[in-house]
>>> print(open('coords-v3.txt').read())   # compact mmCIF, C-alpha atoms
# COMPACT_ATOMS: atom_id res chain seq x y z
CA MET A 1 -8.91 8.20 32.48
CA ASN A 2 -6.73 5.15 32.53
CA ILE A 3 -6.52 3.56 29.10
CA ASP A 4 -5.19 0.26 30.37
CA THR A 5 -8.09 -0.33 32.65
CA GLN A 6 -10.60 0.48 30.02
CA VAL A 7 -8.98 -1.72 27.41
CA LEU A 8 -8.61 -4.59 29.83
CA SER A 9 -12.12 -4.40 31.13
CA LYS A 10 -13.54 -4.61 27.64
CA SER A 11 -11.15 -7.10 26.15
CA GLY A 12 -12.76 -10.44 25.48
CA ALA A 13 -9.51 -12.35 25.38
CA ALA A 14 -8.32 -13.00 28.89
CA SER A 15 -4.80 -13.91 27.90
CA GLY A 16 -4.47 -10.71 25.94
CA LEU A 17 -4.01 -9.13 29.33
CA HIS A 18 -0.39 -10.23 29.58
CA ALA A 19 0.50 -8.32 26.46
CA TYR A 20 -0.91 -5.10 27.76
CA ASN A 21 0.51 -5.51 31.21
CA GLY A 22 3.79 -6.04 29.45
CA LEU A 23 3.37 -2.72 27.73
CA LYS A 24 2.82 -0.96 30.97
CA ALA A 25 5.36 -2.83 33.02
CA LYS A 26 8.45 -1.78 31.14
CA GLY A 27 8.42 1.52 32.93
CA CYS A 28 8.72 3.72 29.91
CA ARG A 29 7.46 7.27 29.84
CA GLN A 30 3.71 7.29 30.36
CA PRO A 31 2.38 10.18 28.33
CA GLU A 32 -0.78 11.90 29.37
CA ALA A 33 -3.83 10.00 28.21
CA PRO A 34 -5.83 11.58 25.39
CA LYS A 35 -9.21 12.85 26.45
CA VAL A 36 -11.28 11.15 23.79
CA THR A 37 -11.75 7.40 23.68
CA THR A 38 -14.89 6.16 22.06
CA GLU A 39 -16.43 2.73 22.40
CA GLN A 40 -15.20 1.98 18.88
CA THR A 41 -11.63 2.98 19.65
CA THR A 42 -11.75 0.73 22.70
CA LYS A 43 -12.74 -2.11 20.40
CA ARG A 44 -9.79 -1.35 18.14
CA MET A 45 -7.43 -1.33 21.10
CA ALA A 46 -8.83 -4.70 22.14
CA TRP A 47 -8.01 -6.11 18.68
CA VAL A 48 -4.43 -4.88 19.09
CA THR A 49 -4.30 -6.69 22.43
CA GLN A 50 -5.65 -9.83 20.78
CA VAL A 51 -3.07 -9.75 17.98
CA TYR A 52 -0.34 -9.38 20.62
CA ALA A 53 -1.79 -12.33 22.52
CA VAL A 54 -1.51 -14.42 19.34
CA ARG A 55 2.02 -13.15 18.77
CA ASP A 56 3.27 -13.65 22.31
CA HIS A 57 1.27 -16.65 23.53
CA LYS A 58 -0.16 -18.34 20.42
CA ASP A 59 -3.47 -17.56 22.10
CA LYS A 60 -6.22 -19.44 20.26
CA ALA A 61 -9.06 -17.76 22.16
CA ALA A 62 -7.80 -14.31 21.14
CA PHE A 63 -7.42 -15.54 17.56
CA ALA A 64 -10.99 -16.86 17.62
CA GLU A 65 -12.23 -13.40 18.66
CA ILE A 66 -10.43 -11.73 15.75
CA PHE A 67 -11.58 -14.47 13.40
CA GLY A 68 -15.20 -14.14 14.47
CA TYR A 69 -15.25 -10.46 13.69
CA PHE A 70 -13.04 -10.19 10.62
CA ALA A 71 -13.41 -13.44 8.66
CA PRO A 72 -17.03 -12.68 7.57
CA ARG A 73 -15.95 -9.19 6.48
CA VAL A 74 -12.93 -10.44 4.57
CA LYS A 75 -15.16 -12.98 2.82
CA SER A 76 -17.67 -10.28 1.96
CA PHE A 77 -14.92 -8.03 0.59
CA LEU A 78 -13.52 -10.84 -1.56
CA MET A 79 -16.94 -11.79 -2.92
CA LYS A 80 -17.70 -8.19 -3.79
CA SER A 81 -14.30 -8.07 -5.52
CA GLY A 82 -15.45 -10.89 -7.81
CA ALA A 83 -14.55 -14.13 -6.02
CA SER A 84 -17.07 -16.99 -6.02
CA PRO A 85 -18.36 -17.97 -2.54
CA ASP A 86 -16.15 -21.09 -2.51
CA LEU A 87 -13.03 -19.23 -3.57
CA ALA A 88 -13.78 -16.41 -1.12
CA GLU A 89 -14.14 -18.94 1.70
CA GLU A 90 -10.84 -20.64 0.89
CA CYS A 91 -9.12 -17.30 0.46
CA THR A 92 -10.53 -15.94 3.75
CA GLN A 93 -9.12 -18.91 5.66
CA GLU A 94 -5.72 -18.28 4.05
CA VAL A 95 -5.89 -14.59 4.95
CA MET A 96 -6.66 -15.42 8.58
CA ALA A 97 -3.88 -18.05 8.67
CA THR A 98 -1.51 -15.40 7.31
CA LEU A 99 -2.55 -13.12 10.17
CA TRP A 100 -1.48 -15.84 12.63
CA ASN A 101 1.79 -16.48 10.82
CA LYS A 102 2.77 -12.86 10.37
CA CYS A 103 1.55 -11.35 13.62
CA HIS A 104 5.15 -10.46 14.56
CA LEU A 105 5.10 -7.97 11.65
CA PHE A 106 2.03 -6.10 12.88
CA ASP A 107 2.82 -2.55 13.97
CA PRO A 108 -0.08 -0.81 15.75
CA THR A 109 1.69 2.56 15.51
CA LYS A 110 1.41 2.25 11.71
CA ALA A 111 -1.88 0.46 11.15
CA SER A 112 -5.10 -0.46 12.84
CA VAL A 113 -5.86 -4.21 12.87
CA SER A 114 -8.63 -3.55 10.32
CA THR A 115 -6.14 -1.84 7.99
CA TRP A 116 -3.59 -4.61 8.41
CA ILE A 117 -6.09 -7.38 7.66
CA PHE A 118 -7.31 -5.41 4.65
CA THR A 119 -3.79 -5.29 3.20
CA ILE A 120 -3.38 -9.05 3.69
CA ALA A 121 -6.74 -9.67 1.98
CA ARG A 122 -5.86 -7.29 -0.85
CA ASN A 123 -2.54 -9.04 -1.49
CA ARG A 124 -4.26 -12.43 -1.55
CA LYS A 125 -6.85 -11.01 -3.94
CA ILE A 126 -4.09 -9.93 -6.34
CA ASP A 127 -2.44 -13.36 -6.13
CA LEU A 128 -5.57 -15.37 -6.51
CA LEU A 129 -8.05 -13.32 -8.56
CA ARG A 130 -5.69 -11.30 -10.70
CA LYS A 131 -2.87 -13.87 -10.80
CA GLN A 132 -0.17 -11.24 -10.66
CA ARG A 133 2.98 -10.62 -8.74
CA ARG A 134 2.64 -7.94 -6.14
CA PRO A 135 5.63 -5.60 -5.88
CA GLU A 136 5.93 -4.41 -2.25
CA PRO A 137 7.73 -1.27 -1.12
CA GLU A 138 11.01 -1.82 0.65
CA ASP A 139 10.69 -2.26 4.39
CA LEU A 140 11.81 0.60 6.56
CA PRO A 141 15.22 -0.16 8.02
CA TRP A 142 13.63 -0.71 11.43
CA GLY A 143 10.88 -3.20 12.22
CA PRO A 144 7.94 -2.88 14.62
CA GLU A 145 8.83 -2.15 18.24
CA PRO A 146 8.01 -5.16 20.43
CA GLU A 147 6.42 -2.80 22.96
CA PRO A 148 5.44 0.41 21.20
CA ASP A 149 4.47 3.62 22.95
CA GLN A 150 0.91 3.17 24.08
CA ALA A 151 -0.20 6.72 23.39
CA GLU A 152 1.08 6.38 19.84
CA VAL A 153 -0.86 3.14 19.42
CA LEU A 154 -4.02 4.73 20.77
CA GLY A 155 -3.52 7.81 18.58
CA LEU A 156 -3.32 5.68 15.44
CA GLN A 157 -6.45 3.68 16.36
CA GLN A 158 -8.30 6.94 16.96
CA GLU A 159 -7.18 8.38 13.63
CA THR A 160 -8.46 5.27 11.86
CA GLU A 161 -11.69 5.56 13.78
CA LYS A 162 -12.11 9.16 12.63
CA LEU A 163 -11.45 8.06 9.09
CA GLY A 164 -14.16 5.42 9.29
CA ALA A 165 -16.53 8.03 10.66
CA ALA A 166 -15.63 10.49 7.88
CA LEU A 167 -16.29 7.76 5.33
CA ALA A 168 -19.65 7.01 6.89
CA THR A 169 -20.77 10.64 6.65
CA LEU A 170 -19.98 11.01 2.94
CA PRO A 171 -23.02 11.53 0.74
CA PRO A 172 -24.19 8.08 -0.49
CA GLU A 173 -23.14 8.55 -4.15
CA GLN A 174 -19.63 9.59 -3.14
CA ARG A 175 -19.32 6.75 -0.70
CA LYS A 176 -20.47 4.32 -3.39
CA LEU A 177 -17.68 5.57 -5.66
CA VAL A 178 -15.04 5.02 -3.00
CA GLU A 179 -16.34 1.51 -2.38
CA LYS A 180 -16.34 0.73 -6.08
CA ALA A 181 -12.79 1.97 -6.39
CA TYR A 182 -11.64 -0.42 -3.63
CA LEU A 183 -13.62 -3.32 -5.03
CA GLY A 184 -12.00 -2.95 -8.42
CA GLU A 185 -15.18 -1.92 -10.21
CA LEU A 186 -13.58 1.24 -11.52
CA SER A 187 -10.48 1.46 -13.67
CA HIS A 188 -7.77 3.81 -12.47
CA SER A 189 -8.64 6.31 -15.19
CA GLU A 190 -12.28 6.23 -14.11
CA ILE A 191 -11.13 6.80 -10.55
CA ALA A 192 -9.01 9.71 -11.69
CA ALA A 193 -11.98 11.13 -13.53
CA GLN A 194 -14.64 10.51 -10.92
CA THR A 195 -13.40 10.21 -7.39
CA GLY A 196 -11.44 13.42 -7.06
CA LEU A 197 -14.29 14.98 -5.14
CA PRO A 198 -15.04 12.26 -2.62
CA LEU A 199 -11.34 11.65 -1.99
CA GLY A 200 -10.72 15.31 -1.47
CA THR A 201 -13.71 15.44 0.83
CA ILE A 202 -12.58 12.44 2.86
CA LYS A 203 -9.11 13.82 3.18
CA SER A 204 -10.21 17.30 4.21
CA ARG A 205 -12.59 15.80 6.76
CA ILE A 206 -9.83 13.64 8.14
CA ARG A 207 -7.52 16.63 8.33
CA LEU A 208 -10.11 18.61 10.26
CA ALA A 209 -10.78 15.68 12.55
CA LEU A 210 -7.06 15.20 13.19
CA GLU A 211 -6.55 18.88 13.93
CA ARG A 212 -9.37 18.77 16.44
CA LEU A 213 -7.92 15.66 17.98
CA ARG A 214 -4.43 17.14 18.26
CA HIS A 215 -5.91 20.23 19.82
CA ALA A 216 -7.81 18.11 22.33
CA MET A 217 -4.62 16.21 23.19
CA LYS A 218 -2.62 19.33 24.11
CA MET B 219 5.31 12.28 13.91
CA MET B 220 6.13 11.72 10.24
CA MET B 221 9.82 11.50 9.54
CA SER B 222 11.37 13.96 7.16
CA SER B 223 12.05 12.93 3.62
CA MET B 224 15.35 11.17 3.02
CA LYS B 225 15.76 12.72 -0.40
CA GLN B 226 14.58 15.96 -1.91
CA ILE B 227 11.64 14.57 -3.83
CA LYS B 228 9.47 17.19 -5.48
CA HIS B 229 7.24 15.19 -7.81
CA HIS B 230 5.05 12.63 -6.08
CA LEU B 231 2.50 9.99 -7.00
CA THR B 232 -1.02 11.25 -7.68
CA GLU B 233 -3.82 10.39 -5.29
CA PRO B 234 -5.63 8.11 -7.77
CA LEU B 235 -2.41 6.10 -8.15
CA LEU B 236 -1.91 5.78 -4.41
CA MET B 237 -5.52 4.77 -4.00
CA GLY B 238 -5.33 2.26 -6.86
CA TYR B 239 -2.22 0.72 -5.33
CA ALA B 240 -3.87 0.56 -1.90
CA ALA B 241 -6.96 -1.02 -3.43
CA GLY B 242 -4.93 -3.49 -5.49
CA THR B 243 -6.57 -2.49 -8.76
CA LEU B 244 -3.60 -1.12 -10.75
CA PRO B 245 -1.84 -3.06 -13.49
CA GLU B 246 1.29 -4.84 -12.24
CA ALA B 247 3.57 -2.51 -14.24
CA PHE B 248 2.17 0.53 -12.43
CA ASN B 249 2.37 -1.27 -9.09
CA LEU B 250 6.09 -1.73 -9.67
CA VAL B 251 6.65 2.00 -10.27
CA VAL B 252 4.49 2.89 -7.24
CA ALA B 253 6.27 0.41 -4.92
CA THR B 254 9.67 1.60 -6.16
CA HIS B 255 8.80 5.27 -5.62
CA ILE B 256 7.41 4.58 -2.15
CA SER B 257 10.65 2.83 -1.25
CA MET B 258 12.34 6.20 -1.91
CA CYS B 259 9.65 8.56 -0.60
CA ASP B 260 8.41 8.84 2.99
CA THR B 261 5.68 11.31 2.03
CA CYS B 262 4.01 8.86 -0.34
CA ARG B 263 4.59 5.99 2.11
CA ALA B 264 2.57 7.91 4.70
CA ALA B 265 -0.11 8.82 2.16
CA LEU B 266 -0.39 5.17 1.12
CA ALA B 267 -0.99 4.20 4.75
CA GLU B 268 -3.99 6.57 4.72
CA TYR B 269 -5.43 4.99 1.59
CA GLU B 270 -4.92 1.53 3.02
CA ALA B 271 -6.75 2.65 6.15
CA VAL B 272 -9.65 3.79 3.94
CA GLY B 273 -9.62 0.32 2.37
CA GLY B 274 -9.77 -1.24 5.83
CA GLU B 275 -12.79 0.87 6.69
CA VAL B 276 -14.52 0.00 3.40
CA MET B 277 -13.96 -3.67 4.24
CA MET B 278 -15.26 -3.19 7.80
CA ASP B 279 -18.35 -1.55 6.38
CA ALA B 280 -19.20 -4.47 4.12
CA ALA B 281 -22.18 -6.53 5.27
CA PRO B 282 -20.60 -9.65 6.84
CA VAL B 283 -21.02 -12.92 4.93
CA ASP B 284 -21.25 -16.15 6.94
CA VAL B 285 -18.13 -18.26 6.76
CA ALA B 286 -18.30 -22.07 6.70
CA GLU B 287 -19.26 -23.64 10.02
CA ASP B 288 -15.87 -25.27 10.37
CA ALA B 289 -13.96 -22.24 9.04
CA LEU B 290 -12.07 -21.54 12.27
CA ALA B 291 -11.09 -25.19 12.69
CA ALA B 292 -10.05 -25.37 9.03
CA THR B 293 -7.94 -22.24 9.48
CA MET B 294 -6.26 -23.66 12.59
CA ALA B 295 -5.49 -26.82 10.59
CA LEU B 296 -4.04 -24.64 7.83
CA ILE B 297 -1.80 -22.91 10.38
CA ASP B 298 -0.63 -26.25 11.81
CA GLN B 299 0.20 -27.86 8.48
CA ALA B 300 1.85 -24.87 6.85
CA PRO B 301 3.96 -23.08 9.41
CA ALA B 302 4.76 -19.47 8.55
CA PRO B 303 5.73 -19.05 4.92
CA GLN B 304 8.29 -16.27 5.27
CA ILE B 305 7.42 -14.00 2.39
CA THR B 306 8.34 -10.55 3.57
CA ALA B 307 8.85 -7.20 1.94
CA PRO B 308 12.27 -6.68 0.36
CA LYS B 309 14.95 -5.45 2.74
CA PRO B 310 16.93 -2.33 2.01
CA THR B 311 20.50 -3.08 0.99
CA ALA B 312 23.55 -0.92 0.97
CA GLY B 313 24.97 0.09 -2.39
CA GLY B 314 23.29 0.01 -5.78
CA ILE B 315 20.67 2.43 -7.02
CA PHE B 316 17.65 0.13 -7.39
CA PRO B 317 15.21 0.03 -4.47
CA GLY B 318 14.15 -3.47 -3.31
CA PRO B 319 11.03 -4.06 -5.43
CA LEU B 320 12.85 -3.11 -8.63
CA ARG B 321 15.88 -5.20 -7.69
CA ASP B 322 13.51 -8.16 -7.25
CA TYR B 323 12.12 -7.72 -10.77
CA VAL B 324 15.49 -7.18 -12.41
CA GLY B 325 17.23 -9.87 -10.39
CA GLY B 326 20.07 -7.44 -9.67
CA ASP B 327 21.07 -3.82 -9.93
CA LEU B 328 22.10 -1.40 -12.67
CA GLY B 329 25.15 -3.47 -13.61
CA ASP B 330 22.94 -6.49 -14.42
CA ILE B 331 20.80 -4.74 -17.04
CA LYS B 332 20.96 -5.97 -20.62
CA TRP B 333 20.29 -2.77 -22.54
CA ARG B 334 18.89 -2.70 -26.08
CA LYS B 335 19.26 0.40 -28.21
CA VAL B 336 16.03 2.06 -29.31
CA GLY B 337 17.56 4.95 -31.25
CA GLY B 338 18.84 8.44 -30.53
CA GLY B 339 21.36 7.08 -28.01
CA VAL B 340 18.55 5.85 -25.76
CA SER B 341 18.52 2.23 -24.54
CA GLN B 342 15.90 0.23 -22.72
CA MET B 343 15.14 -3.06 -21.04
CA VAL B 344 11.54 -4.23 -20.86
CA LEU B 345 10.61 -5.95 -17.57
CA GLU B 346 8.16 -8.81 -17.53
CA THR B 347 4.75 -8.01 -16.04
CA SER B 348 1.10 -8.81 -16.74
CA GLY B 349 -0.18 -7.62 -20.11
CA GLU B 350 -2.47 -4.72 -19.10
CA ALA B 351 0.49 -2.35 -19.04
CA SER B 352 4.22 -2.50 -19.70
CA VAL B 353 7.24 -1.26 -17.79
CA ARG B 354 10.81 -0.71 -18.88
CA LEU B 355 14.07 0.75 -17.70
CA LEU B 356 15.41 3.60 -19.80
CA HIS B 357 19.00 4.74 -20.14
CA ILE B 358 19.35 8.27 -21.48
CA PRO B 359 22.97 9.44 -21.83
CA ALA B 360 23.79 12.72 -20.05
CA GLY B 361 22.92 15.71 -22.19
CA THR B 362 20.82 13.68 -24.63
CA ALA B 363 17.36 14.78 -25.69
CA VAL B 364 14.61 12.23 -26.21
CA PRO B 365 12.83 13.50 -29.34
CA ASP B 366 9.47 15.14 -28.87
CA HIS B 367 6.84 12.50 -28.22
CA GLY B 368 3.29 12.12 -27.05
CA HIS B 369 1.63 9.44 -24.96
CA ARG B 370 -1.10 7.09 -26.03
CA GLY B 371 -2.20 6.32 -22.48
CA MET B 372 -0.99 7.09 -19.00
CA GLU B 373 2.76 7.02 -18.53
CA LEU B 374 4.66 7.05 -15.23
CA THR B 375 8.35 7.89 -15.34
CA LEU B 376 10.40 7.48 -12.17
CA VAL B 377 13.96 8.81 -12.10
CA LEU B 378 16.45 6.45 -10.43
CA GLN B 379 19.68 8.22 -11.29
CA GLY B 380 20.59 11.58 -12.83
CA ALA B 381 17.82 13.92 -13.88
CA PHE B 382 15.83 15.06 -16.87
CA VAL B 383 14.22 18.37 -17.71
CA ASP B 384 11.19 18.84 -19.91
CA GLU B 385 8.69 21.60 -20.67
CA THR B 386 7.00 21.06 -17.31
CA ASP B 387 9.90 20.89 -14.82
CA ARG B 388 13.10 19.19 -13.69
CA PHE B 389 12.85 15.59 -12.47
CA GLY B 390 15.65 14.29 -10.23
CA ALA B 391 16.24 10.98 -8.46
CA GLY B 392 13.04 9.80 -6.77
CA ASP B 393 10.79 12.16 -8.74
CA VAL B 394 7.96 10.65 -10.75
CA GLU B 395 6.33 12.30 -13.76
CA VAL B 396 2.72 11.30 -14.41
CA ALA B 397 1.89 12.00 -18.06
CA ASP B 398 -1.27 11.42 -20.05
CA GLU B 399 -2.39 11.92 -23.66
CA ASP B 400 -2.36 15.68 -23.18
CA LEU B 401 1.37 15.93 -22.55
CA ASN B 402 3.76 16.27 -25.45
CA HIS B 403 7.27 16.77 -24.22
CA THR B 404 10.94 16.63 -25.05
CA PRO B 405 12.79 15.30 -22.00
CA VAL B 406 16.50 16.15 -21.94
CA ALA B 407 18.87 14.30 -19.62
CA GLU B 408 20.96 16.72 -17.58
CA ALA B 409 24.66 16.97 -18.26
CA GLY B 410 26.94 15.07 -15.90
CA VAL B 411 25.39 11.72 -15.02
CA ASP B 412 23.45 9.45 -17.39
CA CYS B 413 19.76 9.40 -16.58
CA ILE B 414 18.20 6.05 -15.58
CA CYS B 415 14.40 5.89 -15.41
CA LEU B 416 11.72 3.33 -14.76
CA ALA B 417 8.78 4.00 -17.07
CA ALA B 418 5.38 2.30 -17.21
CA THR B 419 2.60 2.85 -19.71
CA ASP B 420 -0.85 1.41 -20.24
CA ALA B 421 -0.93 2.32 -23.92
CA PRO B 422 -2.15 -0.74 -25.81
CA LEU B 423 1.12 -2.21 -27.03
CA LYS B 424 1.68 -5.45 -28.82
CA PHE B 425 4.89 -6.84 -27.44
CA ASN B 426 6.25 -8.01 -30.81
CA GLY B 427 6.02 -4.62 -32.39
CA PHE B 428 7.03 -2.76 -29.28
CA VAL B 429 10.70 -2.06 -29.91
CA PRO B 430 10.32 -0.82 -33.51
CA ARG B 431 7.36 1.32 -32.59
CA MET B 432 9.22 2.82 -29.67
CA ALA B 433 12.10 3.65 -32.01
CA GLN B 434 9.61 5.19 -34.41
CA ARG B 435 8.17 7.34 -31.70
CA PHE B 436 11.53 8.39 -30.38
CA LEU B 437 12.83 9.26 -33.82
CA GLY B 438 9.69 11.18 -34.63
CA ILE B 439 9.18 9.36 -37.95
>>> encode(input="coords-v3.txt", output="structure tokens")
Amino acid sequence: MNIDTQVLSKSGAASGLHAYNGLKAKGCRQPEAPKVTTEQTTKRMAWVTQVYAVRDHKDKAAFAEIFGYFAPRVKSFLMKSGASPDLAEECTQEVMATLWNKCHLFDPTKASVSTWIFTIARNRKIDLLRKQRRPEPEDLPWGPEPEPDQAEVLGLQQETEKLGAALATLPPEQRKLVEKAYLGELSHSEIAAQTGLPLGTIKSRIRLALERLRHAMK
Amino acid sequence: MMMSSMKQIKHHLTEPLLMGYAAGTLPEAFNLVVATHISMCDTCRAALAEYEAVGGEVMMDAAPVDVAEDALAATMALIDQAPAPQITAPKPTAGGIFPGPLRDYVGGDLGDIKWRKVGGGVSQMVLETSGEASVRLLHIPAGTAVPDHGHRGMELTLVLQGAFVDETDRFGAGDVEVADEDLNHTPVAEAGVDCICLAATDAPLKFNGFVPRMAQRFLGI
């Protein structure tokens, strides 16, 4: 299976193509393609392509695609975290503008686009709703590779996909607890007291899923 | 895939703390200890990435809420009028013992600290954060014991230099001890180098009475 073809054929943003061709063209080692690529993972790879199109070509069509999918989810997350609809709207637009402005910092070997946008939204939430400074860990001494290894990018998107799937299969009460923890409806001591089980479950499911995946990739 | 740890760190952040940091629900004082530890610890950096990914999936799962009709246009206008505010994570610097996030709060490194004595040879400097919890730097001279004390809430103690030993274990540079009401301990700074720690607690403290009460607790009165 050729990953490039599949990503390209499903990518909505035409100009995102340059970015991916760029990835392929540099003639680096082409590792064997993993055997599993779900529809969802393909979607995630397309988002990566779109972020690269924004980064490399200021591609407004690619940005519109990302915006169309993520802005309503960011707004929903912010409202559930306690923002009024008006504040959530304003904040969502700022989050999406930040995505445009900081797309050179996106590293698809470290985060899926969904994870990256979540961290931007979370930081804005702390600024705006909690009115606090947000101490960030020191950057690693190296930044994102301009053209990262494609298999590594795909692997990370797949891992995130597995994680989403593991989350979706949690029993409803456990899943509710995890959601509440991320929406700030539980204090950290309540989390410590209550979410040990679901977190352990998520993590062990992820571990199993990753082991299977690694096995399949051999 | 994961790089090996730069330092020999044995005591890591707990999962609830990593998750709380990923979710953005911890008090600022705890966030500072977490961000400082992660700057020193690749294991916890990788674990944090997992918890952030969970957050991303929780967000993806949320039922979408319609944005304003002109939201995209408004966002494009926002991008045009305010080009790229360059707020980035702190860069690592050579020299000094404070990782970036702590250096940002202190406005310098160890040499810039204005220590205040709290008794028993121990000194501290309280850092300014939001009121839900407090955080301070502690200076414990080599070989000095901090008198037996308990905790009124959760306390995180991150070692930046030297080491201390208590009833539970030895804590060296980069190690973080997570203590709650159940732990009563007598930390002793190892001989050799003075021990410098960053400690945060969510015990309900009134700032005015903080220093005397700390002295009280340290002196065991």
>>> interface_residues(input="coords-v3.txt", of="chain A", to="chain B", cutoff="6 Å", atoms="only C-alpha atoms", output="compact mmCIF listing (two decimals) with C-alpha atoms, in the coordinates of the input")
# COMPACT_ATOMS: atom_id res chain seq x y z
CA PRO A 72 -17.03 -12.68 7.57
CA ARG A 73 -15.95 -9.19 6.48
CA SER A 76 -17.67 -10.28 1.96
CA PHE A 77 -14.92 -8.03 0.59
CA GLN A 93 -9.12 -18.91 5.66
CA ALA A 97 -3.88 -18.05 8.67
CA ASN A 101 1.79 -16.48 10.82
CA SER A 114 -8.63 -3.55 10.32
CA THR A 115 -6.14 -1.84 7.99
CA PHE A 118 -7.31 -5.41 4.65
CA PRO A 135 5.63 -5.60 -5.88
CA GLU A 136 5.93 -4.41 -2.25
CA PRO A 137 7.73 -1.27 -1.12
CA GLU A 138 11.01 -1.82 0.65
CA ASP A 139 10.69 -2.26 4.39
CA GLY A 164 -14.16 5.42 9.29
CA TYR A 182 -11.64 -0.42 -3.63
CA GLY A 184 -12.00 -2.95 -8.42
CA ALA A 192 -9.01 9.71 -11.69
>>> residues_around(input="coords-v3.txt", residues="Val411 of chain B", least_positions_apart="5", cutoff="12 Å", atoms="all atoms listed in the file", output="short mmCIF file (atom, residue, chain, number, x, y, z; two decimals) with C-alpha atoms, in the frame of the given file")
data_model
loop_
_atom_site.label_atom_id
_atom_site.label_comp_id
_atom_site.auth_asym_id
_atom_site.auth_seq_id
_atom_site.Cartn_x
_atom_site.Cartn_y
_atom_site.Cartn_z
CA HIS B 357 19.00 4.74 -20.14
CA ILE B 358 19.35 8.27 -21.48
CA PRO B 359 22.97 9.44 -21.83
CA ALA B 360 23.79 12.72 -20.05
CA GLY B 361 22.92 15.71 -22.19
CA THR B 362 20.82 13.68 -24.63
CA LEU B 378 16.45 6.45 -10.43
CA GLN B 379 19.68 8.22 -11.29
CA GLY B 380 20.59 11.58 -12.83
CA ALA B 381 17.82 13.92 -13.88
CA PHE B 382 15.83 15.06 -16.87
CA GLY B 390 15.65 14.29 -10.23
CA ALA B 391 16.24 10.98 -8.46
#
>>> atom_distance(input="coords-v3.txt", atom1="atom CA of Trp47 of chain A", atom2="atom CA of Ala168 of chain A")
21.1 Å
>>> residues_around(input="coords-v3.txt", residues="Phe63 of chain A", least_positions_apart="5", cutoff="8 Å", atoms="all atoms listed in the file", output="ChimeraX atom specification")
/A:50-51,54,100
>>> atom_distance(input="coords-v3.txt", atom1="atom CA of Ala61 of chain A", atom2="atom CA of Lys162 of chain A")
28.7 Å
>>> residues_around(input="coords-v3.txt", residues="Gly349 of chain B", least_positions_apart="3", cutoff="12 Å", atoms="all atoms listed in the file", output="list in words")
Arg130, Lys131 and Gln132 of chain A; Leu244, Pro245, Glu246, Ala247, Phe248, Leu345, Glu346, Ser352, Val353, Ala418, Thr419, Asp420, Ala421, Pro422, Leu423, Lys424 and Phe425 of chain B
>>> residues_around(input="coords-v3.txt", residues="Asp398 of chain B", least_positions_apart="6", cutoff="9 Å", atoms="all atoms listed in the file", output="list in words")
Gly368, His369, Arg370, Gly371, Met372, Glu373 and Leu374 of chain B
>>> closest_residue(input="coords-v3.txt", among="A:Val113, A:Leu154, A:Ala83, A:Ala166", to="Thr42 of chain A", atoms="all atoms listed in the file")
A:Leu154
>>> closest_residue(input="coords-v3.txt", among="B:Leu356, B:Leu236, B:Ile315, B:Leu416", to="Val336 of chain B", atoms="only C-alpha atoms")
B:Leu356
>>> residues_around(input="coords-v3.txt", residues="Val153 of chain A", least_positions_apart="4", cutoff="12 Å", atoms="only C-alpha atoms", output="PyMOL selection string")
chain A and resi 3+20+23+31+33-34+41-42+44-49+106-113+144-145+147-149+157-160
>>> write_last_selection(input="coords-v3.txt", atoms="C-alpha atoms", output="compact mmCIF listing (two decimals), in the frame of the given file")
# COMPACT_ATOMS: atom_id res chain seq x y z
CA ILE A 3 -6.52 3.56 29.10
CA TYR A 20 -0.91 -5.10 27.76
CA LEU A 23 3.37 -2.72 27.73
CA PRO A 31 2.38 10.18 28.33
CA ALA A 33 -3.83 10.00 28.21
CA PRO A 34 -5.83 11.58 25.39
CA THR A 41 -11.63 2.98 19.65
CA THR A 42 -11.75 0.73 22.70
CA ARG A 44 -9.79 -1.35 18.14
CA MET A 45 -7.43 -1.33 21.10
CA ALA A 46 -8.83 -4.70 22.14
CA TRP A 47 -8.01 -6.11 18.68
CA VAL A 48 -4.43 -4.88 19.09
CA THR A 49 -4.30 -6.69 22.43
CA PHE A 106 2.03 -6.10 12.88
CA ASP A 107 2.82 -2.55 13.97
CA PRO A 108 -0.08 -0.81 15.75
CA THR A 109 1.69 2.56 15.51
CA LYS A 110 1.41 2.25 11.71
CA ALA A 111 -1.88 0.46 11.15
CA SER A 112 -5.10 -0.46 12.84
CA VAL A 113 -5.86 -4.21 12.87
CA PRO A 144 7.94 -2.88 14.62
CA GLU A 145 8.83 -2.15 18.24
CA GLU A 147 6.42 -2.80 22.96
CA PRO A 148 5.44 0.41 21.20
CA ASP A 149 4.47 3.62 22.95
CA GLN A 157 -6.45 3.68 16.36
CA GLN A 158 -8.30 6.94 16.96
CA GLU A 159 -7.18 8.38 13.63
CA THR A 160 -8.46 5.27 11.86
>>> atom_distance(input="coords-v3.txt", atom1="atom CA of Ala397 of chain B", atom2="atom CA of Thr375 of chain B")
8.1 Å
>>> residues_near_point(input="coords-v3.txt", point="(13.1, 14.5, -8.8)", cutoff="8 Å", atoms="all atoms listed in the file", output="PyMOL selection string")
chain B and resi 226-229+377+381+388-394
>>> write_last_selection(input="coords-v3.txt", atoms="C-alpha atoms", output="compact mmCIF listing (two decimals), keeping the file's coordinate frame")
# COMPACT_ATOMS: atom_id res chain seq x y z
CA GLN B 226 14.58 15.96 -1.91
CA ILE B 227 11.64 14.57 -3.83
CA LYS B 228 9.47 17.19 -5.48
CA HIS B 229 7.24 15.19 -7.81
CA VAL B 377 13.96 8.81 -12.10
CA ALA B 381 17.82 13.92 -13.88
CA ARG B 388 13.10 19.19 -13.69
CA PHE B 389 12.85 15.59 -12.47
CA GLY B 390 15.65 14.29 -10.23
CA ALA B 391 16.24 10.98 -8.46
CA GLY B 392 13.04 9.80 -6.77
CA ASP B 393 10.79 12.16 -8.74
CA VAL B 394 7.96 10.65 -10.75
